[in-house]
$ cat entry.csv   # CSV, C-alpha atoms and all ligand atoms
chain,number,residue,atom,x,y,z
H,1,MET,CA,0.0,0.0,0.0
H,2,GLY,CA,2.7,2.4,-1.0
H,3,ASN,CA,0.5,4.9,-2.8
H,4,PRO,CA,0.2,8.0,-0.6
H,5,GLY,CA,-3.3,8.8,-1.9
H,6,LEU,CA,-4.5,5.2,-1.1
H,7,VAL,CA,-3.2,5.6,2.5
H,8,VAL,CA,-5.3,8.7,2.9
H,9,LEU,CA,-8.4,7.0,1.4
H,10,ARG,CA,-8.0,4.0,3.6
H,11,ALA,CA,-7.9,6.3,6.6
H,12,LEU,CA,-11.1,8.1,5.5
H,13,GLU,CA,-12.9,4.9,4.4
H,14,ASN,CA,-14.8,4.2,7.6
H,15,ALA,CA,-14.7,7.4,9.6
H,16,ARG,CA,-14.2,11.2,9.5
H,17,VAL,CA,-10.6,12.1,10.2
H,18,SER,CA,-9.3,15.6,10.9
H,19,GLY,CA,-6.3,17.2,9.1
H,20,PRO,CA,-4.0,17.1,12.2
H,21,GLU,CA,-5.0,13.5,12.9
H,22,LEU,CA,-4.2,12.5,9.4
H,23,ALA,CA,-0.9,14.3,9.5
H,24,GLU,CA,0.0,12.4,12.7
H,25,GLU,CA,-1.2,9.1,11.3
H,26,LEU,CA,0.7,9.4,8.1
H,27,GLY,CA,3.8,11.1,9.7
H,28,VAL,CA,3.7,14.1,7.3
H,29,SER,CA,3.0,17.8,7.7
H,30,ARG,CA,-0.5,19.3,7.6
H,31,GLU,CA,0.3,21.0,4.4
H,32,ALA,CA,1.3,17.6,2.8
H,33,VAL,CA,-2.1,16.2,4.0
H,34,TRP,CA,-3.9,19.1,2.3
H,35,LYS,CA,-2.0,18.6,-0.9
H,36,ARG,CA,-2.9,14.9,-1.0
H,37,ILE,CA,-6.5,15.7,-0.4
H,38,GLU,CA,-6.5,18.3,-3.2
H,39,SER,CA,-4.8,15.7,-5.5
H,40,LEU,CA,-7.5,13.1,-4.6
H,41,ARG,CA,-10.3,15.6,-5.3
H,42,ALA,CA,-8.7,16.3,-8.7
H,43,GLN,CA,-8.9,12.6,-9.4
H,44,GLY,CA,-12.6,12.6,-8.8
H,45,PHE,CA,-12.9,11.6,-5.1
H,46,GLY,CA,-15.5,13.7,-3.3
H,47,ILE,CA,-13.8,14.6,0.0
H,48,VAL,CA,-15.6,17.2,2.1
H,49,GLY,CA,-14.1,19.2,5.0
H,50,THR,CA,-16.5,19.2,8.0
H,51,PRO,CA,-16.0,20.7,11.4
H,52,THR,CA,-15.1,17.2,12.7
H,53,GLY,CA,-12.8,16.2,9.9
H,54,TYR,CA,-12.6,15.2,6.3
H,55,GLU,CA,-15.4,12.9,5.0
H,56,LEU,CA,-15.1,10.7,1.9
H,57,GLN,CA,-18.5,11.1,0.2
H,58,GLU,CA,-17.8,9.9,-3.3
H,59,ILE,CA,-15.6,7.4,-5.0
H,60,PRO,CA,-15.1,7.3,-8.9
H,61,GLU,CA,-16.7,4.3,-10.5
H,62,PHE,CA,-13.5,3.1,-12.2
H,63,SER,CA,-9.9,4.3,-11.8
H,64,GLU,CA,-6.7,2.7,-10.4
H,65,LEU,CA,-7.1,4.3,-7.0
H,66,ALA,CA,-10.9,3.6,-6.8
H,67,ILE,CA,-10.4,-0.1,-7.6
H,68,ALA,CA,-7.4,-0.3,-5.2
H,69,LEU,CA,-9.6,1.0,-2.4
H,70,SER,CA,-12.3,-1.6,-3.2
H,71,VAL,CA,-10.1,-4.7,-3.4
H,72,PRO,CA,-8.4,-6.6,-0.5
H,73,SER,CA,-5.3,-4.6,0.5
H,74,LYS,CA,-2.9,-7.5,-0.1
H,75,LEU,CA,-3.5,-7.0,-3.9
H,76,THR,CA,-1.8,-4.3,-5.9
H,77,VAL,CA,-3.9,-2.9,-8.7
H,78,VAL,CA,-2.5,-1.8,-12.0
H,79,TYR,CA,-4.9,0.0,-14.3
H,80,GLU,CA,-4.5,0.9,-17.9
H,81,GLU,CA,-7.0,2.6,-20.2
H,82,VAL,CA,-6.2,0.3,-23.2
H,83,VAL,CA,-4.0,-2.8,-23.4
H,84,GLU,CA,-3.8,-5.5,-25.9
H,85,SER,CA,-4.6,-8.2,-23.3
H,86,THR,CA,-4.5,-7.9,-19.5
H,87,ASN,CA,-3.3,-11.6,-19.5
H,88,SER,CA,-0.2,-10.5,-21.4
H,89,VAL,CA,0.5,-7.7,-19.1
H,90,ALA,CA,-0.1,-10.0,-16.1
H,91,ARG,CA,2.3,-12.6,-17.6
H,92,GLU,CA,5.1,-10.0,-17.7
H,93,PHE,CA,4.6,-9.3,-14.0
H,94,ALA,CA,4.5,-13.0,-13.3
H,95,THR,CA,7.6,-13.9,-15.2
H,96,ALA,CA,9.4,-11.0,-13.4
H,97,GLY,CA,8.6,-12.9,-10.2
H,98,GLU,CA,5.8,-10.6,-9.0
H,99,SER,CA,2.6,-11.9,-7.5
H,100,ASP,CA,-0.7,-10.7,-5.9
H,101,ILE,CA,-1.2,-8.2,-8.7
H,102,VAL,CA,-4.5,-7.4,-10.5
H,103,VAL,CA,-4.2,-5.9,-13.9
H,104,VAL,CA,-7.4,-4.1,-15.0
H,105,ALA,CA,-8.0,-2.4,-18.3
H,106,GLY,CA,-10.7,0.0,-19.6
H,107,GLU,CA,-10.5,-1.8,-23.0
H,108,GLN,CA,-8.5,-4.5,-24.7
H,109,SER,CA,-7.4,-4.2,-28.3
H,110,GLY,CA,-6.5,-7.9,-28.6
H,111,GLY,CA,-8.5,-9.7,-25.8
H,112,ARG,CA,-8.0,-13.5,-26.0
H,113,GLY,CA,-10.2,-16.5,-25.4
H,114,ARG,CA,-9.1,-20.1,-25.3
H,115,LEU,CA,-7.3,-21.6,-28.3
H,116,GLY,CA,-6.4,-18.2,-29.6
H,117,ARG,CA,-10.0,-17.1,-30.1
H,118,GLU,CA,-10.9,-13.4,-30.0
H,119,TRP,CA,-12.5,-11.9,-26.9
H,120,GLU,CA,-14.4,-8.7,-27.6
H,121,SER,CA,-13.5,-6.2,-24.9
H,122,PRO,CA,-15.1,-2.8,-25.5
H,123,SER,CA,-15.2,0.1,-23.0
H,124,GLY,CA,-17.5,-0.5,-20.1
H,125,GLY,CA,-16.6,-4.1,-19.4
H,126,ILE,CA,-14.5,-5.7,-16.7
H,127,TRP,CA,-11.3,-7.0,-18.2
H,128,MET,CA,-8.8,-8.1,-15.6
H,129,SER,CA,-6.1,-10.6,-14.8
H,130,ILE,CA,-4.9,-11.7,-11.4
H,131,VAL,CA,-1.3,-12.9,-10.9
H,132,LEU,CA,-1.1,-15.6,-8.2
H,133,THR,CA,1.3,-18.0,-6.7
H,134,PRO,CA,-0.9,-21.0,-6.2
H,135,ARG,CA,-0.6,-23.3,-3.3
H,136,LEU,CA,-2.5,-26.2,-4.9
H,137,PRO,CA,-0.9,-29.5,-6.0
H,138,THR,CA,-0.1,-29.4,-9.7
H,139,ALA,CA,-2.7,-32.0,-10.6
H,140,GLN,CA,-5.4,-29.8,-9.2
H,141,LEU,CA,-4.4,-26.5,-10.8
H,142,PRO,CA,-7.3,-26.6,-13.3
H,143,VAL,CA,-9.6,-26.0,-10.4
H,144,LEU,CA,-8.3,-22.4,-10.3
H,145,THR,CA,-10.5,-21.8,-13.4
H,146,HIS,CA,-13.4,-23.2,-11.4
H,147,ALA,CA,-12.5,-21.0,-8.4
H,148,ALA,CA,-12.7,-17.9,-10.6
H,149,ALA,CA,-16.0,-19.1,-12.1
H,150,VAL,CA,-17.4,-19.5,-8.6
H,151,ALA,CA,-16.1,-16.1,-7.5
H,152,VAL,CA,-17.6,-14.3,-10.5
H,153,THR,CA,-21.0,-16.2,-10.4
H,154,LYS,CA,-21.5,-15.6,-6.6
H,155,ALA,CA,-20.7,-11.9,-7.0
H,156,ILE,CA,-23.1,-11.6,-10.0
H,157,ARG,CA,-25.9,-13.5,-8.2
H,158,ASP,CA,-25.4,-11.1,-5.2
H,159,LEU,CA,-26.6,-8.4,-7.7
H,160,GLY,CA,-29.8,-10.3,-8.2
H,161,VAL,CA,-28.9,-11.8,-11.6
H,162,ASN,CA,-29.6,-15.5,-12.3
H,163,ALA,CA,-26.1,-16.6,-13.3
H,164,GLY,CA,-24.7,-20.1,-13.5
H,165,ILE,CA,-21.6,-21.8,-14.7
H,166,LYS,CA,-21.2,-23.8,-17.8
H,167,TRP,CA,-18.2,-26.2,-17.6
H,168,PRO,CA,-15.4,-25.4,-17.7
H,169,ASN,CA,-15.1,-21.6,-17.9
H,170,ASP,CA,-18.3,-19.7,-18.9
H,171,VAL,CA,-20.7,-17.7,-16.8
H,172,LEU,CA,-24.1,-17.7,-18.4
H,173,VAL,CA,-27.4,-16.2,-17.6
H,174,ARG,CA,-30.8,-17.6,-18.4
H,175,ASP,CA,-32.9,-15.5,-20.7
H,176,GLY,CA,-36.3,-16.1,-22.3
H,177,SER,CA,-35.1,-18.3,-25.1
H,178,GLY,CA,-32.2,-20.1,-23.4
H,179,THR,CA,-28.8,-18.9,-22.1
H,180,ALA,CA,-26.4,-16.1,-23.0
H,181,LYS,CA,-22.7,-15.7,-22.1
H,182,LEU,CA,-21.9,-13.0,-19.6
H,183,ALA,CA,-18.3,-13.8,-18.7
H,184,GLY,CA,-15.4,-16.0,-19.6
H,185,ILE,CA,-12.2,-17.1,-17.9
H,186,LEU,CA,-8.8,-17.8,-19.3
H,187,THR,CA,-6.2,-19.3,-16.9
H,188,GLU,CA,-2.6,-19.5,-17.9
H,189,ILE,CA,-0.1,-21.4,-15.8
H,190,GLN,CA,3.7,-21.7,-15.8
H,191,GLY,CA,5.5,-24.5,-14.0
H,192,GLU,CA,7.1,-27.9,-14.0
H,193,ALA,CA,5.6,-31.3,-13.1
H,194,ASP,CA,5.8,-30.8,-9.4
H,195,GLN,CA,6.3,-27.1,-9.0
H,196,VAL,CA,4.1,-24.3,-10.1
H,197,HIS,CA,5.7,-20.9,-10.6
H,198,TRP,CA,2.7,-18.7,-11.3
H,199,ALA,CA,-0.8,-18.6,-12.5
H,200,VAL,CA,-2.6,-15.8,-14.3
H,201,ILE,CA,-6.4,-15.9,-14.1
H,202,GLY,CA,-8.0,-13.7,-16.8
H,203,ILE,CA,-11.6,-12.7,-16.2
H,204,GLY,CA,-13.8,-10.9,-18.8
H,205,ILE,CA,-17.2,-9.7,-17.8
H,206,ASN,CA,-19.7,-7.8,-20.0
H,207,ALA,CA,-20.6,-5.3,-17.4
H,208,ASN,CA,-21.7,-1.9,-18.7
H,209,VAL,CA,-21.5,-2.8,-22.3
H,210,PRO,CA,-24.3,-2.4,-24.9
H,211,SER,CA,-25.2,-5.7,-26.4
H,212,ARG,CA,-24.8,-4.4,-29.9
H,213,GLU,CA,-21.0,-4.3,-29.2
H,214,LEU,CA,-21.0,-8.0,-28.3
H,215,PRO,CA,-21.0,-11.1,-30.5
H,216,ALA,CA,-24.2,-13.2,-31.0
H,217,GLY,CA,-25.0,-15.3,-27.9
H,218,ALA,CA,-23.5,-12.8,-25.5
H,219,THR,CA,-25.2,-10.5,-23.0
H,220,SER,CA,-24.2,-7.8,-20.5
H,221,LEU,CA,-25.2,-6.8,-17.0
H,222,ARG,CA,-26.3,-3.4,-18.4
H,223,GLU,CA,-28.6,-5.3,-20.7
H,224,ILE,CA,-30.1,-7.4,-17.9
H,225,GLN,CA,-30.4,-5.0,-15.1
H,226,GLY,CA,-28.7,-1.6,-15.9
H,227,GLU,CA,-25.3,-0.2,-15.1
H,228,VAL,CA,-23.3,-1.6,-12.2
H,229,THR,CA,-20.4,-0.2,-10.1
H,230,ARG,CA,-17.5,-2.1,-11.6
H,231,ARG,CA,-15.0,-1.4,-8.8
H,232,CYS,CA,-17.4,-2.9,-6.2
H,233,LEU,CA,-18.0,-6.0,-8.4
H,234,ILE,CA,-14.3,-6.4,-8.8
H,235,GLY,CA,-13.8,-6.2,-5.0
H,236,ASP,CA,-16.5,-8.8,-4.4
H,237,ILE,CA,-15.1,-11.2,-6.9
H,238,LEU,CA,-11.6,-10.9,-5.5
H,239,ARG,CA,-12.8,-11.4,-1.9
H,240,ASN,CA,-14.7,-14.5,-3.1
H,241,LEU,CA,-11.6,-15.8,-4.9
H,242,ILE,CA,-9.2,-15.3,-2.1
H,243,ALA,CA,-11.6,-17.1,0.3
H,244,ILE,CA,-11.4,-20.4,-1.7
H,245,GLN,CA,-8.3,-20.3,-3.9
H,246,ASP,CA,-6.3,-22.7,-1.7
H,247,ASP,CA,-9.1,-25.1,-0.9
H,248,PRO,CA,-9.9,-27.4,-3.8
H,249,ASP,CA,-12.7,-29.2,-1.9
H,250,GLU,CA,-14.5,-26.0,-1.2
H,251,ILE,CA,-14.0,-24.8,-4.8
H,252,LEU,CA,-15.6,-28.0,-6.2
H,253,THR,CA,-18.4,-28.0,-3.7
H,254,GLN,CA,-19.4,-24.4,-4.5
H,255,TRP,CA,-18.8,-25.0,-8.2
H,256,GLU,CA,-21.3,-27.9,-8.2
H,257,GLN,CA,-23.9,-25.8,-6.4
H,258,LEU,CA,-23.6,-23.0,-9.1
H,259,ALA,CA,-23.1,-25.2,-12.2
H,260,MET,CA,-25.7,-25.4,-14.9
H,261,THR,CA,-23.9,-28.3,-16.6
H,262,ILE,CA,-24.4,-31.1,-14.1
H,263,GLY,CA,-27.5,-33.1,-15.0
H,264,GLU,CA,-27.7,-31.6,-18.5
H,265,ARG,CA,-27.4,-33.5,-21.8
H,266,VAL,CA,-24.1,-32.2,-23.2
H,267,ARG,CA,-21.7,-32.6,-26.1
H,268,VAL,CA,-18.1,-31.9,-25.4
H,269,GLU,CA,-15.7,-31.4,-28.3
H,270,THR,CA,-12.2,-32.2,-27.1
H,271,SER,CA,-8.9,-32.7,-29.1
H,272,GLY,CA,-10.4,-34.2,-32.2
H,273,ARG,CA,-13.2,-36.2,-30.6
H,274,SER,CA,-16.7,-35.5,-29.4
H,275,VAL,CA,-18.3,-37.0,-26.3
H,276,GLU,CA,-22.1,-36.9,-25.9
H,277,GLY,CA,-24.2,-37.9,-22.9
H,278,GLU,CA,-25.3,-36.7,-19.5
H,279,ALA,CA,-22.9,-34.6,-17.4
H,280,VAL,CA,-22.9,-36.4,-14.1
H,281,GLY,CA,-20.2,-34.7,-12.1
H,282,ILE,CA,-16.6,-33.3,-11.9
H,283,LEU,CA,-13.5,-35.0,-10.6
H,284,ARG,CA,-11.0,-33.4,-8.1
H,285,SER,CA,-8.9,-32.3,-11.1
H,286,GLY,CA,-11.9,-30.3,-12.4
H,287,ALA,CA,-12.5,-32.8,-15.3
H,288,LEU,CA,-16.1,-33.4,-16.4
H,289,VAL,CA,-17.6,-36.9,-16.1
H,290,ILE,CA,-20.1,-37.7,-18.9
H,291,ALA,CA,-22.4,-40.8,-18.8
H,292,THR,CA,-22.6,-42.1,-22.4
H,293,GLY,CA,-24.5,-45.1,-23.7
H,294,ALA,CA,-21.2,-47.0,-23.5
H,295,GLY,CA,-20.3,-46.0,-19.9
H,296,GLU,CA,-18.7,-43.0,-18.2
H,297,GLU,CA,-16.1,-40.8,-20.0
H,298,VAL,CA,-13.8,-38.1,-18.5
H,299,VAL,CA,-13.0,-35.0,-20.4
H,300,HIS,CA,-10.3,-32.6,-19.1
H,301,ALA,CA,-10.8,-29.7,-21.5
H,302,GLY,CA,-12.9,-28.8,-24.5
H,303,ASP,CA,-15.9,-26.9,-25.7
H,304,CYS,CA,-19.1,-27.9,-24.0
H,305,TYR,CA,-22.6,-27.5,-25.6
H,306,HIS,CA,-25.7,-27.9,-23.5
H,307,LEU,CA,-28.1,-29.9,-25.7
H,308,ARG,CA,-31.9,-29.7,-25.5
H,309,ALA,CA,-33.6,-32.8,-24.2
H,310,PRO,CA,-34.3,-35.1,-27.2
Z,401,LIG,C1,-13.3,-17.5,-22.9
Z,401,LIG,O1,-12.8,-18.1,-24.0
Z,401,LIG,O2,-14.4,-17.4,-22.6
Z,401,LIG,C2,-12.2,-16.7,-22.1
Z,401,LIG,C3,-12.3,-15.3,-22.1
Z,401,LIG,C4,-11.3,-14.6,-21.2
Z,401,LIG,C5,-11.3,-13.1,-21.4
Z,401,LIG,C6,-10.5,-12.4,-20.4
Z,401,LIG,S1,-10.7,-10.6,-20.4
Z,401,LIG,C7,-9.3,-10.4,-19.4
Z,401,LIG,C8,-8.3,-11.4,-19.8
Z,401,LIG,N1,-7.4,-10.9,-20.9
Z,401,LIG,C9,-7.6,-11.6,-22.0
Z,401,LIG,O3,-7.0,-11.4,-23.1
Z,401,LIG,N2,-8.5,-12.6,-21.8
Z,401,LIG,C10,-9.0,-12.6,-20.5
Z,401,LIG,P1,-13.6,-19.1,-24.9
Z,401,LIG,O4,-14.4,-20.1,-24.0
Z,401,LIG,O5,-12.6,-19.7,-25.9
Z,401,LIG,O6,-14.7,-18.2,-25.6
Z,401,LIG,C11,-14.4,-17.4,-26.7
Z,401,LIG,C12,-15.6,-17.2,-27.5
Z,401,LIG,O7,-16.6,-16.4,-26.8
Z,401,LIG,C13,-15.4,-16.4,-28.8
Z,401,LIG,O8,-15.0,-17.3,-29.9
Z,401,LIG,C14,-16.7,-15.8,-29.1
Z,401,LIG,O9,-17.6,-16.7,-29.7
Z,401,LIG,C15,-17.3,-15.5,-27.7
Z,401,LIG,N3,-17.0,-14.1,-27.2
Z,401,LIG,C16,-16.0,-13.2,-27.6
Z,401,LIG,N4,-16.1,-12.1,-26.9
Z,401,LIG,C17,-17.1,-12.3,-26.1
Z,401,LIG,C18,-17.7,-11.4,-25.1
Z,401,LIG,N5,-17.2,-10.2,-24.7
Z,401,LIG,N6,-18.8,-11.9,-24.4
Z,401,LIG,C19,-19.3,-13.2,-24.6
Z,401,LIG,N7,-18.8,-14.0,-25.6
Z,401,LIG,C20,-17.7,-13.6,-26.3
$ encode --input "entry.csv" --output "structure tokens" --more "lines below"
Ligand code: BT5
Amino acid sequence: MGNPGLVVLRALENARVSGPELAEELGVSREAVWKRIESLRAQGFGIVGTPTGYELQEIPEFSELAIALSVPSKLTVVYEEVVESTNSVAREFATAGESDIVVVAGEQSGGRGRLGREWESPSGGIWMSIVLTPRLPTAQLPVLTHAAAVAVTKAIRDLGVNAGIKWPNDVLVRDGSGTAKLAGILTEIQGEADQVHWAVIGIGINANVPSRELPAGATSLREIQGEVTRRCLIGDILRNLIAIQDDPDEILTQWEQLAMTIGERVRVETSGRSVEGEAVGILRSGALVIATGAGEEVVHAGDCYHLRAP
């Protein structure tokens, strides 16, 4: 929490604090406090001087400092207006040995899905990547994607939106005619057989995006229920993620509760083959178990289609 502005904001977050108290708490002069307050006001924070101290009345919807104030303090926020892909920026931090960083962008010019697919990332969405040092055994690393899907789905449900997870990485909402994709997750991992160096979890959510800027089959929170405060949603997602990220049993239990896929008739296309049947559960590795006419099959990755009942 090296940012001087952030230190002031954290002090004002829960209570009014006077100039002299702030000066003492921060170990700086009263004039330095005043300058920081002026700088924060110029950045859009509504800080009002009252007879009993400064009061934080307004926080911008989306800026580096506003997001930093909303997320758990162990995470460092890096915000850019436009980047090619937040996963690429996050990978640079990860390969330089840094961790516990969240890269957030206003827009992505080359957002990526799985298998090199394009991810549309216009202004108004949440495009972010988290750099972590996972404490999970290597065989269970795929569940990090499930953890992110749980974290996103819970935060979105808390907004009153009927979201659920489609294996392995999509967050969908039910609409009149079926389902539409609201968010996707792209996890990238670097490591050896028994040692993981880093993980980058990329999360894309169509938050305040008009649906005309999205591909067919996609929807946005704005479309479903109006604009949301993105910094608060990011804070909720990251708190949810931190709470479960090192606990695979908890991740899988919550995933199963939020999954739309279990019990559905599905077809999964995976490395040149196609498996069709009823999705009956997931394994500890995060792989999907499908009951086919010929017995149970396990799929570790692939594109999953929910089929209508025959
Ligand atoms: C995903 O891939 O769903 C993973 C998306 C991850 C995006 C985040 S944003 C932050 C971070 N930085 C990045 O560069 N990426 C991550 P996949 O399951 O392969 O789905 C890709 C498919 O979804 C595309 O082929 C389109 O059909 C569709 N699609 C593209 N943009 C979309 C959008 N904004 N909303 C919904 N669907 C979209």
$ atom_distance --input "entry.csv" --atom1 "CA of Gly204 (chain H)" --atom2 "atom N5 of ligand LIG 401 (chain Z)"
6.8 Å
$ closest_residue --input "entry.csv" --among "H:Leu258, H:Ile156, H:Ala147, H:Ala207" --to "Ala243 (chain H)" --atoms "all atoms listed in the file"
H:Ala147
$ closest_residue --input "entry.csv" --among "H:Val275, H:Val266, H:Val209, H:Ala163" --to "ligand LIG 401 (chain Z)" --atoms "all atoms listed in the file"
H:Val209
$ residues_around --input "entry.csv" --residues "Pro137 (chain H)" --least-positions-apart "3" --cutoff "10 Å" --atoms "all atoms listed in the file" --output "PyMOL selection string"
chain H and resi 134+140-141+193-196+246+248+285
$ write_last_selection --input "entry.csv" --atoms "C-alpha atoms" --output "mmCIF file, in the coordinates of the input"
data_model
loop_
_atom_site.group_PDB
_atom_site.id
_atom_site.type_symbol
_atom_site.label_atom_id
_atom_site.label_comp_id
_atom_site.auth_asym_id
_atom_site.auth_seq_id
_atom_site.Cartn_x
_atom_site.Cartn_y
_atom_site.Cartn_z
ATOM 1 C CA PRO H 134 -0.900 -21.000 -6.200
ATOM 2 C CA GLN H 140 -5.400 -29.800 -9.200
ATOM 3 C CA LEU H 141 -4.400 -26.500 -10.800
ATOM 4 C CA ALA H 193 5.600 -31.300 -13.100
ATOM 5 C CA ASP H 194 5.800 -30.800 -9.400
ATOM 6 C CA GLN H 195 6.300 -27.100 -9.000
ATOM 7 C CA VAL H 196 4.100 -24.300 -10.100
ATOM 8 C CA ASP H 246 -6.300 -22.700 -1.700
ATOM 9 C CA PRO H 248 -9.900 -27.400 -3.800
ATOM 10 C CA SER H 285 -8.900 -32.300 -11.100
#
$ atom_distance --input "entry.csv" --atom1 "CA of Thr261 (chain H)" --atom2 "CA of Asn162 (chain H)"
14.7 Å
$ residues_around --input "entry.csv" --residues "Ser99 (chain H)" --least-positions-apart "5" --cutoff "8 Å" --atoms "only C-alpha atoms" --output "CSV table (one decimal) with C-alpha atoms, in the frame of the given file"
chain,number,residue,atom,x,y,z
H,93,PHE,CA,4.6,-9.3,-14.0
H,94,ALA,CA,4.5,-13.0,-13.3
H,131,VAL,CA,-1.3,-12.9,-10.9
H,132,LEU,CA,-1.1,-15.6,-8.2
H,133,THR,CA,1.3,-18.0,-6.7
H,198,TRP,CA,2.7,-18.7,-11.3
$ closest_residue --input "entry.csv" --among "H:Leu115, H:Thr187, H:Glu120, H:Val33" --to "Ala90 (chain H)" --atoms "only C-alpha atoms"
H:Thr187
$ residues_around --input "entry.csv" --residues "Thr253 (chain H)" --least-positions-apart "2" --cutoff "12 Å" --atoms "all atoms listed in the file" --output "tab-separated table (two decimals) with C-alpha atoms, keeping the file's coordinate frame"
chain	number	residue	atom	x	y	z
H	143	VAL	CA	-9.60	-26.00	-10.40
H	146	HIS	CA	-13.40	-23.20	-11.40
H	147	ALA	CA	-12.50	-21.00	-8.40
H	150	VAL	CA	-17.40	-19.50	-8.60
H	244	ILE	CA	-11.40	-20.40	-1.70
H	247	ASP	CA	-9.10	-25.10	-0.90
H	248	PRO	CA	-9.90	-27.40	-3.80
H	249	ASP	CA	-12.70	-29.20	-1.90
H	250	GLU	CA	-14.50	-26.00	-1.20
H	251	ILE	CA	-14.00	-24.80	-4.80
H	255	TRP	CA	-18.80	-25.00	-8.20
H	256	GLU	CA	-21.30	-27.90	-8.20
H	257	GLN	CA	-23.90	-25.80	-6.40
H	258	LEU	CA	-23.60	-23.00	-9.10
H	259	ALA	CA	-23.10	-25.20	-12.20
H	281	GLY	CA	-20.20	-34.70	-12.10
H	282	ILE	CA	-16.60	-33.30	-11.90
H	283	LEU	CA	-13.50	-35.00	-10.60
H	284	ARG	CA	-11.00	-33.40	-8.10
H	286	GLY	CA	-11.90	-30.30	-12.40
$ residues_near_ligand --input "entry.csv" --ligand "ligand LIG 401 (chain Z)" --cutoff "9 Å" --atoms "all atoms listed in the file" --output "PyMOL selection string"
chain H and resi 84-90+103-105+108-122+125-129+168-171+180-187+201-206+209+213-220+302-303
$ closest_residue --input "entry.csv" --among "H:Leu136, H:Lys166, H:Glu58, H:Asn240" --to "Leu288 (chain H)" --atoms "only C-alpha atoms"
H:Lys166
$ closest_residue --input "entry.csv" --among "H:Ser73, H:Thr145, H:Ser123, H:Gln43" --to "Gly235 (chain H)" --atoms "all atoms listed in the file"
H:Ser73
$ closest_residue --input "entry.csv" --among "H:Gln245, H:Ser70, H:Thr270, H:Ser211" --to "Leu9 (chain H)" --atoms "only C-alpha atoms"
H:Ser70
$ residues_around --input "entry.csv" --residues "Glu297 (chain H)" --least-positions-apart "4" --cutoff "12 Å" --atoms "all atoms listed in the file" --output "ChimeraX atom specification"
/H:267-268,270,273-283,287-293
$ atom_distance --input "entry.csv" --atom1 "CA of Gly164 (chain H)" --atom2 "CA of Leu75 (chain H)"
26.7 Å
